[in-house]
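final33.txt, holding compact mmCIF, C-alpha atoms:
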# COMPACT_ATOMS: atom_id res chain seq x y z
CA MET A 1 109.60 102.22 -18.22
CA PRO A 2 110.62 98.55 -17.84
CA ASP A 3 109.44 96.08 -20.44
CA TYR A 4 106.21 94.12 -19.96
CA GLU A 5 107.90 90.93 -18.74
CA THR A 6 109.91 92.81 -16.11
CA LEU A 7 106.85 94.71 -14.90
CA ARG A 8 104.94 91.48 -14.47
CA ILE A 9 107.76 89.97 -12.42
CA ILE A 10 108.05 93.14 -10.32
CA TRP A 11 104.34 93.08 -9.54
CA TRP A 12 104.45 89.38 -8.73
CA LEU A 13 107.23 90.16 -6.24
CA LEU A 14 105.34 93.18 -4.87
CA LEU A 15 102.22 91.06 -4.40
CA GLY A 16 104.31 88.62 -2.39
CA VAL A 17 105.75 91.47 -0.31
CA LEU A 18 102.28 92.83 0.42
CA LEU A 19 100.86 89.43 1.37
CA ALA A 20 103.89 88.72 3.56
CA GLY A 21 103.52 92.18 5.11
CA PHE A 22 99.89 91.44 5.90
CA ALA A 23 100.78 88.07 7.42
CA VAL A 24 103.47 89.63 9.63
CA MET A 25 101.75 92.88 10.62
CA ASP A 26 98.12 91.78 10.91
CA GLY A 27 99.06 88.20 11.77
CA PHE A 28 100.20 88.87 15.31
CA ASP A 29 97.01 90.71 16.29
CA LEU A 30 94.96 87.87 14.82
CA GLY A 31 97.04 85.51 16.94
CA VAL A 32 96.57 87.61 20.07
CA ALA A 33 92.80 87.74 19.53
CA ALA A 34 92.70 83.96 19.09
CA LEU A 35 94.70 83.43 22.30
CA VAL A 36 92.97 86.04 24.47
CA ARG A 37 91.13 83.41 26.55
CA VAL A 38 94.24 81.22 26.80
CA LEU A 39 96.86 83.78 27.82
CA GLY A 40 94.53 85.96 29.90
CA HIS A 41 93.06 84.22 32.96
CA ASP A 42 90.97 87.10 34.31
CA ASP A 43 89.40 90.27 32.98
CA GLY A 44 92.36 92.49 33.84
CA GLU A 45 94.83 90.23 32.08
CA ARG A 46 92.63 89.99 29.01
CA ARG A 47 92.25 93.76 28.90
CA ALA A 48 96.02 94.12 29.12
CA LEU A 49 96.52 91.53 26.39
CA LEU A 50 94.09 93.27 24.06
CA GLU A 51 95.78 96.61 24.73
CA THR A 52 98.97 95.21 23.19
CA VAL A 53 97.24 95.32 19.78
CA GLU A 54 94.40 97.84 20.09
CA PRO A 55 96.53 100.89 19.15
CA VAL A 56 97.96 99.22 16.02
CA TRP A 57 95.58 96.63 14.60
CA GLU A 58 93.67 99.10 12.41
CA GLY A 59 96.92 100.40 10.94
CA ASN A 60 98.09 96.84 10.36
CA GLN A 61 95.09 96.24 8.11
CA VAL A 62 96.59 98.70 5.63
CA TRP A 63 98.60 95.73 4.37
CA LEU A 64 95.40 93.78 3.67
CA ILE A 65 93.99 96.75 1.78
CA LEU A 66 97.20 97.17 -0.18
CA GLY A 67 97.25 93.47 -1.06
CA GLY A 68 93.62 93.51 -2.19
CA GLY A 69 94.21 96.72 -4.14
CA ALA A 70 97.28 95.26 -5.84
CA ILE A 71 95.32 92.17 -6.91
CA PHE A 72 92.46 94.35 -8.18
CA ALA A 73 94.62 96.74 -10.19
CA ALA A 74 97.62 94.61 -11.22
CA TRP A 75 95.95 91.21 -11.59
CA PRO A 76 92.29 91.86 -12.53
CA LEU A 77 91.63 88.34 -13.86
CA LEU A 78 92.94 86.87 -10.60
CA TYR A 79 90.80 89.29 -8.59
CA ALA A 80 87.64 88.39 -10.49
CA ALA A 81 88.25 84.62 -10.42
CA SER A 82 89.28 84.41 -6.77
CA PHE A 83 86.54 86.64 -5.40
CA SER A 84 83.93 84.74 -7.41
CA GLY A 85 85.27 81.26 -6.70
CA PHE A 86 86.06 81.82 -3.01
CA TYR A 87 82.96 83.97 -2.42
CA PHE A 88 81.60 82.25 0.71
CA ALA A 89 85.07 81.70 2.16
CA ILE A 90 85.89 85.39 1.68
CA PHE A 91 82.52 86.27 3.20
CA LEU A 92 83.45 84.36 6.38
CA ALA A 93 86.83 86.11 6.53
CA LEU A 94 85.18 89.51 6.05
CA LEU A 95 82.65 88.67 8.76
CA ALA A 96 85.54 88.06 11.12
CA PHE A 97 87.17 91.35 10.14
CA ILE A 98 83.86 93.17 10.70
CA LEU A 99 83.30 91.59 14.11
CA ARG A 100 86.82 92.35 15.34
CA PRO A 101 86.36 96.14 15.79
CA ALA A 102 82.98 95.45 17.38
CA GLY A 103 84.70 93.14 19.86
CA PHE A 104 87.34 95.72 20.73
CA ASN A 105 84.81 98.56 21.05
CA PHE A 106 81.93 96.82 22.82
CA ARG A 107 83.76 94.42 25.14
CA ASN A 108 84.38 96.93 27.92
CA LYS A 109 81.10 98.84 27.63
CA ILE A 110 79.32 96.68 30.23
CA GLU A 111 80.78 95.30 33.45
CA ASP A 112 78.82 92.03 33.33
CA PRO A 113 81.33 89.12 33.13
CA ARG A 114 78.98 87.21 30.83
CA TRP A 115 78.97 90.13 28.38
CA ARG A 116 82.77 90.29 28.35
CA ASP A 117 83.15 86.52 28.08
CA ALA A 118 80.84 86.56 25.06
CA TRP A 119 82.90 89.24 23.33
CA ASP A 120 86.10 87.39 24.20
CA GLY A 121 84.59 84.43 22.37
CA VAL A 122 83.84 86.67 19.39
CA LEU A 123 87.42 87.92 19.39
CA THR A 124 88.68 84.35 19.47
CA PHE A 125 86.50 83.64 16.43
CA THR A 126 87.90 86.69 14.61
CA GLY A 127 91.44 85.48 15.27
CA VAL A 128 90.94 81.84 14.27
CA VAL A 129 88.78 82.09 11.14
CA PRO A 130 90.86 84.32 8.80
CA PRO A 131 94.08 82.24 9.03
CA LEU A 132 92.11 79.05 8.44
CA ILE A 133 90.26 80.55 5.47
CA PHE A 134 93.37 82.01 3.85
CA GLY A 135 95.30 78.78 4.42
CA VAL A 136 92.54 76.66 2.89
CA ALA A 137 92.43 79.02 -0.11
CA ILE A 138 96.19 78.71 -0.67
CA GLY A 139 95.98 74.94 -0.34
CA ASN A 140 93.31 74.83 -3.04
CA LEU A 141 95.57 76.76 -5.41
CA PHE A 142 97.98 73.81 -5.46
CA LEU A 143 95.17 71.35 -6.20
CA GLY A 144 93.53 73.57 -8.81
CA VAL A 145 90.35 75.62 -8.52
CA PRO A 146 87.21 74.49 -10.43
CA PHE A 147 86.79 77.36 -12.89
CA ARG A 148 87.08 77.79 -16.65
CA TYR A 149 86.84 80.48 -19.31
CA ASP A 150 84.88 80.25 -22.53
CA ALA A 151 86.02 81.74 -25.85
CA THR A 152 84.79 85.20 -24.80
CA LEU A 153 86.62 85.02 -21.44
CA ARG A 154 83.43 84.61 -19.44
CA MET A 155 84.30 82.67 -16.31
CA THR A 156 82.33 79.72 -14.95
CA TYR A 157 82.96 78.40 -11.43
CA GLU A 158 81.73 74.96 -10.41
CA GLY A 159 82.04 74.44 -6.69
CA GLY A 160 81.10 75.73 -3.26
CA LEU A 161 82.48 76.29 0.21
CA VAL A 162 82.31 72.60 1.15
CA ASP A 163 84.26 71.66 -1.99
CA LEU A 164 87.18 73.75 -0.73
CA LEU A 165 87.47 71.68 2.45
CA ARG A 166 89.63 68.90 1.04
CA PRO A 167 92.33 67.21 3.14
CA PHE A 168 95.37 69.04 1.79
CA PRO A 169 93.82 72.54 1.94
CA LEU A 170 92.63 71.81 5.49
CA LEU A 171 96.20 70.88 6.41
CA VAL A 172 97.46 74.16 4.92
CA GLY A 173 94.75 75.97 6.88
CA LEU A 174 96.10 74.40 10.08
CA VAL A 175 99.62 75.45 9.06
CA ALA A 176 98.45 79.05 8.69
CA LEU A 177 96.58 78.95 12.01
CA ALA A 178 99.52 77.46 13.93
CA MET A 179 101.87 79.99 12.32
CA LEU A 180 99.82 83.03 13.35
CA LEU A 181 99.09 81.65 16.82
CA MET A 182 102.87 81.34 17.23
CA HIS A 183 103.31 84.88 15.93
CA GLY A 184 100.63 86.22 18.28
CA ALA A 185 102.16 84.48 21.30
CA ALA A 186 105.57 85.92 20.38
CA TRP A 187 104.03 89.40 20.28
CA ALA A 188 102.31 88.85 23.62
CA ALA A 189 105.67 87.89 25.13
CA VAL A 190 107.23 91.11 23.81
CA LYS A 191 104.48 93.47 24.92
CA SER A 192 103.12 91.90 28.12
CA GLU A 193 104.39 91.61 31.66
CA ASP A 194 104.42 88.45 33.75
CA PRO A 195 102.41 86.29 34.23
CA ILE A 196 101.07 86.83 30.68
CA ALA A 197 104.57 86.80 29.18
CA GLN A 198 105.36 83.55 31.00
CA ARG A 199 102.22 81.92 29.61
CA ALA A 200 103.16 83.15 26.14
CA GLU A 201 106.59 81.51 26.54
CA ARG A 202 104.94 78.22 27.49
CA ALA A 203 102.51 78.51 24.58
CA LEU A 204 105.42 79.01 22.16
CA ARG A 205 106.92 75.70 23.28
CA VAL A 206 103.80 74.03 21.88
CA LEU A 207 102.85 76.30 18.98
CA ALA A 208 106.25 76.54 17.30
CA PRO A 209 106.80 72.75 17.12
CA ALA A 210 103.18 72.31 15.98
CA PHE A 211 103.78 74.78 13.15
CA VAL A 212 107.04 73.09 12.13
CA LEU A 213 105.46 69.62 12.05
CA LEU A 214 102.37 70.76 10.12
CA TYR A 215 104.45 72.83 7.69
CA ALA A 216 106.87 69.94 7.06
CA ALA A 217 103.96 67.55 6.53
CA ALA A 218 102.35 69.92 4.02
CA GLY A 219 105.67 70.31 2.19
CA ALA A 220 106.21 66.55 2.00
CA TRP A 221 102.67 66.04 0.70
CA LEU A 222 103.17 68.81 -1.86
CA ALA A 223 106.44 67.31 -3.08
CA THR A 224 105.27 63.74 -3.46
CA GLY A 225 101.50 63.49 -3.62
CA ILE A 226 100.17 66.44 -5.63
CA PRO A 227 100.79 66.78 -9.39
CA SER A 228 101.92 70.22 -10.48
CA TYR A 229 100.78 72.30 -13.44
CA VAL A 230 103.25 73.21 -16.18
CA ILE A 231 102.98 75.37 -19.28
CA SER A 232 103.54 73.12 -22.26
CA GLY A 233 105.00 74.63 -25.39
CA ALA A 234 106.46 78.09 -25.79
CA VAL A 235 106.01 80.53 -22.92
CA VAL A 236 105.00 84.01 -24.09
CA VAL A 237 106.08 86.36 -21.32
CA ASP A 238 105.12 89.67 -22.94
CA GLY A 239 101.89 88.77 -24.73
CA PRO A 240 98.33 89.94 -24.09
CA SER A 241 96.56 88.89 -20.91
CA ASN A 242 94.48 86.05 -22.29
CA PRO A 243 94.86 82.75 -20.41
CA LEU A 244 93.49 80.78 -23.38
CA PHE A 245 96.57 81.59 -25.50
CA LYS A 246 98.61 78.84 -23.82
CA ALA A 247 98.57 75.11 -23.21
CA VAL A 248 98.86 73.65 -19.70
CA ALA A 249 99.44 70.07 -18.60
CA THR A 250 99.84 68.34 -15.24
CA ASP A 251 103.24 67.05 -14.22
CA GLY A 252 103.69 64.07 -11.92
CA GLN A 253 107.00 65.37 -10.56
CA GLY A 254 105.27 67.59 -8.00
CA TRP A 255 105.35 71.31 -7.26
CA LEU A 256 108.82 71.41 -5.73
CA HIS A 257 110.92 70.24 -8.69
CA GLY A 258 112.90 72.65 -10.84
CA ALA A 259 114.91 75.74 -9.94
CA LEU A 260 112.10 77.67 -8.28
CA GLY A 261 111.00 74.56 -6.40
CA THR A 262 114.52 74.32 -5.04
CA TRP A 263 114.35 77.94 -3.93
CA ALA A 264 110.99 77.24 -2.31
CA CYS A 265 112.60 74.41 -0.32
CA VAL A 266 115.51 76.64 0.73
CA ILE A 267 113.13 79.37 1.90
CA ALA A 268 111.00 76.78 3.69
CA GLY A 269 114.14 75.55 5.47
CA ILE A 270 114.85 79.09 6.65
CA ALA A 271 111.26 79.41 7.88
CA ILE A 272 111.52 76.14 9.83
CA ALA A 273 114.88 77.06 11.34
CA SER A 274 113.48 80.44 12.42
CA ALA A 275 110.42 78.80 13.99
CA VAL A 276 112.67 76.42 15.93
CA LEU A 277 114.50 79.44 17.35
CA VAL A 278 111.31 81.13 18.59
CA PRO A 279 110.73 79.11 21.81
CA LEU A 280 114.47 78.87 22.48
CA LEU A 281 114.85 82.65 22.43
CA ALA A 282 111.63 83.21 24.36
CA SER A 283 112.68 80.82 27.13
CA ARG A 284 115.82 82.94 27.59
CA ARG A 285 113.67 86.09 27.87
CA ARG A 286 114.91 87.35 24.51
CA HIS A 287 111.40 88.20 23.50
CA ARG A 288 112.23 90.65 20.72
CA GLY A 289 114.52 88.10 19.14
CA ALA A 290 111.77 85.50 19.38
CA PHE A 291 109.30 87.84 17.69
CA LEU A 292 111.79 88.66 14.93
CA ALA A 293 112.41 84.94 14.36
CA SER A 294 108.65 84.39 14.21
CA ALA A 295 108.34 87.17 11.61
CA VAL A 296 111.06 85.55 9.49
CA ALA A 297 109.19 82.23 9.71
CA VAL A 298 105.97 83.92 8.57
CA VAL A 299 107.64 85.67 5.63
CA GLY A 300 109.45 82.49 4.63
CA THR A 301 106.22 80.49 4.69
CA VAL A 302 104.42 82.96 2.41
CA MET A 303 107.39 83.23 0.05
CA SER A 304 107.86 79.47 -0.19
CA ALA A 305 104.25 79.07 -1.36
CA GLY A 306 104.70 81.80 -3.97
CA PHE A 307 107.93 80.34 -5.35
CA ALA A 308 106.45 76.83 -5.49
CA LEU A 309 103.43 78.07 -7.47
CA PHE A 310 105.32 80.30 -9.93
CA PRO A 311 104.40 81.15 -12.66
CA PHE A 312 100.87 80.12 -11.71
CA LEU A 313 98.63 82.42 -9.72
CA MET A 314 95.44 80.32 -9.81
CA PRO A 315 95.50 76.95 -11.61
CA SER A 316 92.25 75.57 -13.01
CA SER A 317 91.23 71.99 -12.30
CA LEU A 318 88.37 72.07 -14.84
CA ASP A 319 90.36 73.38 -17.79
CA PRO A 320 94.12 73.64 -17.18
CA ARG A 321 94.42 76.02 -20.13
CA SER A 322 92.26 78.52 -18.22
CA SER A 323 94.82 78.63 -15.39
CA LEU A 324 95.95 82.13 -14.52
CA THR A 325 99.69 82.81 -14.61
CA VAL A 326 102.00 85.75 -14.13
CA TRP A 327 102.23 86.02 -17.94
CA ASP A 328 98.53 86.20 -18.80
CA ALA A 329 96.54 87.61 -15.86
CA SER A 330 98.02 91.10 -15.44
CA SER A 331 96.87 94.57 -16.36
CA SER A 332 98.36 96.42 -19.30
CA ARG A 333 101.98 97.51 -19.37
CA LEU A 334 100.95 101.16 -18.93
CA THR A 335 98.81 100.36 -15.89
CA LEU A 336 101.57 98.33 -14.25
CA GLY A 337 104.07 101.11 -14.94
CA LEU A 338 101.90 103.86 -13.45
CA MET A 339 101.11 101.71 -10.41
CA LEU A 340 104.80 101.04 -9.94
CA ILE A 341 105.44 104.77 -9.74
CA ALA A 342 102.66 105.15 -7.17
CA ALA A 343 104.05 102.22 -5.15
CA ALA A 344 107.55 103.72 -5.22
CA ILE A 345 106.14 106.95 -3.74
CA PHE A 346 103.70 105.65 -1.14
CA MET A 347 105.26 102.41 0.09
CA PRO A 348 108.24 104.18 1.75
CA ILE A 349 105.80 106.61 3.39
CA ILE A 350 103.73 103.74 4.80
CA VAL A 351 106.83 101.91 6.05
CA ALA A 352 108.26 105.08 7.62
CA TYR A 353 104.99 105.99 9.34
CA THR A 354 104.48 102.43 10.60
CA SER A 355 108.03 102.35 11.97
CA TRP A 356 107.46 105.67 13.76
CA VAL A 357 104.19 104.42 15.32
CA TYR A 358 105.82 101.28 16.68
CA ARG A 359 108.73 103.29 18.03
CA VAL A 360 106.37 105.63 19.88
CA LEU A 361 104.38 102.69 21.27
CA ARG A 362 107.39 100.60 22.29
CA GLY A 363 107.46 99.09 25.75
CA ARG A 364 105.33 96.62 27.67
CA ILE A 365 101.73 97.08 28.77
CA ASP A 366 101.63 97.72 32.51
CA LEU A 367 99.25 95.12 33.95
CA ALA A 368 98.98 96.92 37.30
CA HIS A 369 98.00 100.15 35.53
CA VAL A 370 95.34 98.31 33.55
CA ARG A 371 93.91 96.84 36.74
CA ARG A 372 93.89 100.25 38.45
CA SER A 373 92.16 101.93 35.53
CA HIS A 374 89.57 99.14 35.54
CA SER A 375 88.89 99.59 39.27
CA MET A 376 88.47 103.37 38.79
CA HIS A 377 85.70 102.75 36.31

Show me this structure written as structure tokens.
Amino acid sequence: MPDYETLRIIWWLLLGVLLAGFAVMDGFDLGVAALVRVLGHDDGERRALLETVEPVWEGNQVWLILGGGAIFAAWPLLYAASFSGFYFAIFLALLAFILRPAGFNFRNKIEDPRWRDAWDGVLTFTGVVPPLIFGVAIGNLFLGVPFRYDATLRMTYEGGLVDLLRPFPLLVGLVALAMLLMHGAAWAAVKSEDPIAQRAERALRVLAPAFVLLYAAAGAWLATGIPSYVISGAVVVDGPSNPLFKAVATDGQGWLHGALGTWACVIAGIAIASAVLVPLLASRRRHRGAFLASAVAVVGTVMSAGFALFPFLMPSSLDPRSSLTVWDASSSRLTLGLMLIAAAIFMPIIVAYTSWVYRVLRGRIDLAHVRRSHSMH
């Protein structure tokens, strides 16, 4: 079994992989839901657009479950602090995830246009809210979250939902929303026929530049206007998981200095370059290439945030010493080792099954067939 330090690094990387997997796999169906009233101009087109994700969206949520499970089992202190501190924000995200299957299942039960328009509005809500919430949460990590531990490791959180809505986190929320709208439009271009695909191409000409500008603005703000947290003194990488065993100070150099900050900038550059390619490829009808470029941009965005934060998982603005890091928020070495074995067995199975499903379901949704099936009913 690897040593404790190595296991912690492996699980930090795996957490990043799972969160990036969620952003890529579940991100495009969130984007499609958010754009259903924009890309679909009548009921038939909206039905066709929703059918591009209906067979796969439930399977895509496996990545959300895996990410939540990894945080629960590998990073229990992070799980407890984040779910307590971000309680109302997480509640809103869960409400959106609960309403989404209701929207898919109930939308077509009644022919009344007002009924379907109402559920289309619900689906738009379910596509817009989670990216905003997750982006705002990530933005707050860079500013510090108002929690602290006492000597017995009892956590106290001082804040509410409104306190999370500060300017920088709101900007990061817009970055996340623009990113997944871009990703959803790229998927719609891959899976839909004209005129939906043409509208998706036009949407990408707006969404991709919007994402690049917002992402660059957030990066510039992070580099120059937000002090970073640093561990002062010796760093114990294989000690017990007690955040109070370290000293933390704020550093005026910003989050993007140092070796990992440089890597974060390099990865962010790759994400921006990929996003720039998305509308160029889509305009040349290379829709699969555009979607692949969008996926690279999504992965790069998630990874850049992780590298910029390292080794911090959840900094504390009330008591910097209480900040959770990779070195003091994990489960035991035995737990991480056993989970690593389970991940090595089941992750390839999940990837193989997912690949098979998408291969079986390849091809575009036939808009004429959707209209005919609607008229038959």

Non-local contacts of Pro315 of chain A (12 Å; all atoms listed in the file; under 5 positions in same chain excluded) as a PyMOL selection string: chain A and resi 78+81-82+138-148+227-231+243+248-250+309-310+320-326+329

Taking all atoms listed in the file into account, name the residue in A:Ser373, A:Ala33, A:Leu277, A:Trp57 that is nearest to Trp119 of chain A.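 Among A:Ser373, A:Ala33, A:Leu277, A:Trp57, it is A:Ala33 that comes nearest to Trp119 of chain A.
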
Tell me, as a ChimeraX atom specification, which residues lie within 6 Å of Tyr4 of chain A, counting all atoms listed in the file; anything in the same chain fewer than 3 positions away does not count. /A:7,238,333

Taking all atoms listed in the file into account, name the residue in A:Ala308, A:Leu292, A:Ala210, A:Ala275 that is nearest to His257 of chain A. A:Ala308

Nearest to Thr152 of chain A by atom-to-atom distance, counting all atoms listed in the file, from A:Leu170, A:Asn242, A:Gly68, A:Phe125: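 Looking at the shortest contact to Thr152 of chain A, the residue is A:Asn242.
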
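Taking all atoms listed in the file into account, Ala188 of chain A lies nearest to A:Ala290 out of the set A:Val17, A:Val24, A:Leu334, A:Ala290.
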
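Taking atom CA of Val235 of chain A and atom CA of Ala247 of chain A as the two end points, the separation is 9.2 Å.
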
Given the choices A:Ile345, A:Leu30, A:Leu39, A:Ala293, which gets closest to Pro195 of chain A if the distance is worked out from all atoms listed in the file?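 Once distances to Pro195 of chain A are computed over all atoms listed in the file, the minimum belongs to A:Leu39.
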
Report, in Å with one decimal, the straight-line distance from atom CA of Asp328 of chain A to atom CA of Leu15 of chain A.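 Here the two named atoms are 15.6 Å from each other.
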
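Across the structure, atom CA of Leu49 of chain A and atom CA of Arg100 of chain A are spaced 14.7 Å apart.
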
Report as JSON lines: every residue of segment 180-270 of chain A with an atom at most 8 Å from segment 171-175 of chain A, its closest pair of atoms, and their distance in Å to one decimal, counting all atoms listed in the file, with rows sorted by chain and ascending residue number.
{"residue": "A:Phe211", "atom": "CA", "partner": "A:Val175", "partner_atom": "CA", "distance": 5.9}
{"residue": "A:Leu214", "atom": "CA", "partner": "A:Val175", "partner_atom": "CA", "distance": 5.5}
{"residue": "A:Tyr215", "atom": "CA", "partner": "A:Val175", "partner_atom": "CA", "distance": 5.7}
{"residue": "A:Ala218", "atom": "CA", "partner": "A:Val172", "partner_atom": "CA", "distance": 6.5}

Identify, on the basis of only C-alpha atoms, every residue whose closest approach to Leu177 of chain A does not exceed 10 Å; exclude the query and any residue fewer than 3 positions from it along the same chain; express the result as a PyMOL selection string. chain A and resi 27+30-31+34+127-135+171-174+180-183+207+211

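Nearest-residue note for Thr156 of chain A: choosing from A:Ile270, A:Ala343, A:Val36, A:Ala80, the minimum distance belongs to A:Ala80, counting only C-alpha atoms.
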
Within 8 Å of Val370 of chain A using all atoms listed in the file, minus same-chain residues under 5 positions, as a count of residues only: 3

Which residues, written as a VMD selection string, have at least one atom at most 12 Å from Val38 of chain A, with all atoms listed in the file counted and residues fewer than 6 positions away on the same chain left out? chain A and resid 31 to 32 45 to 46 49 120 to 121 124 181 184 to 185 188 196 to 197 199 to 200 202 to 203

With 4 Å on each side, where is the centre of the axis-aligned box around all listed atoms of segment 249-265 of chain A, and how long are its edges in Å to one decimal, as AutoDock Vina command-line options?
--center_x 107.2 --center_y 71.0 --center_z -9.5 --size_x 23.5 --size_y 21.9 --size_z 26.3

Spatial sel., origin (110.8, 102.5, -10.5), limit 12 Å, all atoms listed in the file, listed as a list of chain:residue names: A:Met1, A:Pro2, A:Asp3, A:Thr6, A:Leu7, A:Ile10, A:Trp11, A:Leu336, A:Gly337, A:Leu338, A:Met339, A:Leu340, A:Ile341, A:Ala342, A:Ala343, A:Ala344, A:Ile345, A:Met347

Got a moment to write segment 198-205 of chain A out with all heavy atoms, as a PDB file, in the first residue's frame?
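Written output follows (decode_14.pdb):
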ATOM      1  N   GLN A 198     -28.030  24.677 -36.310  1.00  0.00           N
ATOM      2  CA  GLN A 198     -27.605  26.006 -36.761  1.00  0.00           C
ATOM      3  C   GLN A 198     -27.741  27.041 -35.638  1.00  0.00           C
ATOM      4  O   GLN A 198     -26.870  27.897 -35.471  1.00  0.00           O
ATOM      5  CB  GLN A 198     -28.434  26.432 -37.977  1.00  0.00           C
ATOM      6  CG  GLN A 198     -28.156  25.599 -39.226  1.00  0.00           C
ATOM      7  CD  GLN A 198     -29.086  25.966 -40.368  1.00  0.00           C
ATOM      8  OE1 GLN A 198     -30.210  26.428 -40.149  1.00  0.00           O
ATOM      9  NE2 GLN A 198     -28.629  25.745 -41.595  1.00  0.00           N
ATOM     10  N   ARG A 199     -28.816  26.947 -34.880  1.00  0.00           N
ATOM     11  CA  ARG A 199     -28.973  27.873 -33.744  1.00  0.00           C
ATOM     12  C   ARG A 199     -27.897  27.616 -32.692  1.00  0.00           C
ATOM     13  O   ARG A 199     -27.402  28.553 -32.054  1.00  0.00           O
ATOM     14  CB  ARG A 199     -30.364  27.713 -33.128  1.00  0.00           C
ATOM     15  CG  ARG A 199     -31.489  28.145 -34.045  1.00  0.00           C
ATOM     16  CD  ARG A 199     -32.813  28.188 -33.313  1.00  0.00           C
ATOM     17  NE  ARG A 199     -33.903  28.180 -34.278  1.00  0.00           N
ATOM     18  CZ  ARG A 199     -34.798  27.203 -34.404  1.00  0.00           C
ATOM     19  NH1 ARG A 199     -34.746  26.162 -33.585  1.00  0.00           N
ATOM     20  NH2 ARG A 199     -35.739  27.273 -35.309  1.00  0.00           N
ATOM     21  N   ALA A 200     -27.555  26.356 -32.477  1.00  0.00           N
ATOM     22  CA  ALA A 200     -26.497  26.033 -31.526  1.00  0.00           C
ATOM     23  C   ALA A 200     -25.163  26.626 -31.977  1.00  0.00           C
ATOM     24  O   ALA A 200     -24.387  27.138 -31.156  1.00  0.00           O
ATOM     25  CB  ALA A 200     -26.388  24.520 -31.358  1.00  0.00           C
ATOM     26  N   GLU A 201     -24.898  26.574 -33.281  1.00  0.00           N
ATOM     27  CA  GLU A 201     -23.664  27.180 -33.811  1.00  0.00           C
ATOM     28  C   GLU A 201     -23.646  28.681 -33.534  1.00  0.00           C
ATOM     29  O   GLU A 201     -22.616  29.230 -33.117  1.00  0.00           O
ATOM     30  CB  GLU A 201     -23.558  26.915 -35.314  1.00  0.00           C
ATOM     31  CG  GLU A 201     -23.338  25.466 -35.682  1.00  0.00           C
ATOM     32  CD  GLU A 201     -23.469  25.242 -37.188  1.00  0.00           C
ATOM     33  OE1 GLU A 201     -23.544  26.248 -37.930  1.00  0.00           O
ATOM     34  OE2 GLU A 201     -23.507  24.079 -37.605  1.00  0.00           O
ATOM     35  N   ARG A 202     -24.780  29.336 -33.765  1.00  0.00           N
ATOM     36  CA  ARG A 202     -24.837  30.783 -33.511  1.00  0.00           C
ATOM     37  C   ARG A 202     -24.690  31.078 -32.016  1.00  0.00           C
ATOM     38  O   ARG A 202     -24.039  32.055 -31.630  1.00  0.00           O
ATOM     39  CB  ARG A 202     -26.154  31.357 -34.043  1.00  0.00           C
ATOM     40  CG  ARG A 202     -26.255  31.367 -35.564  1.00  0.00           C
ATOM     41  CD  ARG A 202     -27.391  32.257 -36.033  1.00  0.00           C
ATOM     42  NE  ARG A 202     -28.689  31.749 -35.637  1.00  0.00           N
ATOM     43  CZ  ARG A 202     -29.424  30.924 -36.375  1.00  0.00           C
ATOM     44  NH1 ARG A 202     -28.972  30.500 -37.554  1.00  0.00           N
ATOM     45  NH2 ARG A 202     -30.600  30.508 -35.958  1.00  0.00           N
ATOM     46  N   ALA A 203     -25.289  30.235 -31.180  1.00  0.00           N
ATOM     47  CA  ALA A 203     -25.170  30.436 -29.737  1.00  0.00           C
ATOM     48  C   ALA A 203     -23.720  30.299 -29.287  1.00  0.00           C
ATOM     49  O   ALA A 203     -23.263  31.041 -28.412  1.00  0.00           O
ATOM     50  CB  ALA A 203     -26.055  29.435 -28.995  1.00  0.00           C
ATOM     51  N   LEU A 204     -22.974  29.373 -29.889  1.00  0.00           N
ATOM     52  CA  LEU A 204     -21.581  29.169 -29.512  1.00  0.00           C
ATOM     53  C   LEU A 204     -20.725  30.391 -29.836  1.00  0.00           C
ATOM     54  O   LEU A 204     -19.725  30.641 -29.153  1.00  0.00           O
ATOM     55  CB  LEU A 204     -21.023  27.930 -30.206  1.00  0.00           C
ATOM     56  CG  LEU A 204     -21.523  26.588 -29.656  1.00  0.00           C
ATOM     57  CD1 LEU A 204     -21.073  25.444 -30.549  1.00  0.00           C
ATOM     58  CD2 LEU A 204     -21.027  26.380 -28.230  1.00  0.00           C
ATOM     59  N   ARG A 205     -21.103  31.128 -30.862  1.00  0.00           N
ATOM     60  CA  ARG A 205     -20.343  32.343 -31.203  1.00  0.00           C
ATOM     61  C   ARG A 205     -20.466  33.410 -30.120  1.00  0.00           C
ATOM     62  O   ARG A 205     -19.640  34.317 -30.042  1.00  0.00           O
ATOM     63  CB  ARG A 205     -20.827  32.899 -32.534  1.00  0.00           C
ATOM     64  CG  ARG A 205     -20.546  31.990 -33.725  1.00  0.00           C
ATOM     65  CD  ARG A 205     -21.141  32.549 -34.988  1.00  0.00           C
ATOM     66  NE  ARG A 205     -21.282  31.508 -36.007  1.00  0.00           N
ATOM     67  CZ  ARG A 205     -22.271  31.439 -36.869  1.00  0.00           C
ATOM     68  NH1 ARG A 205     -23.225  32.376 -36.862  1.00  0.00           N
ATOM     69  NH2 ARG A 205     -22.331  30.472 -37.770  1.00  0.00           N
TER      70      ARG A 205
END
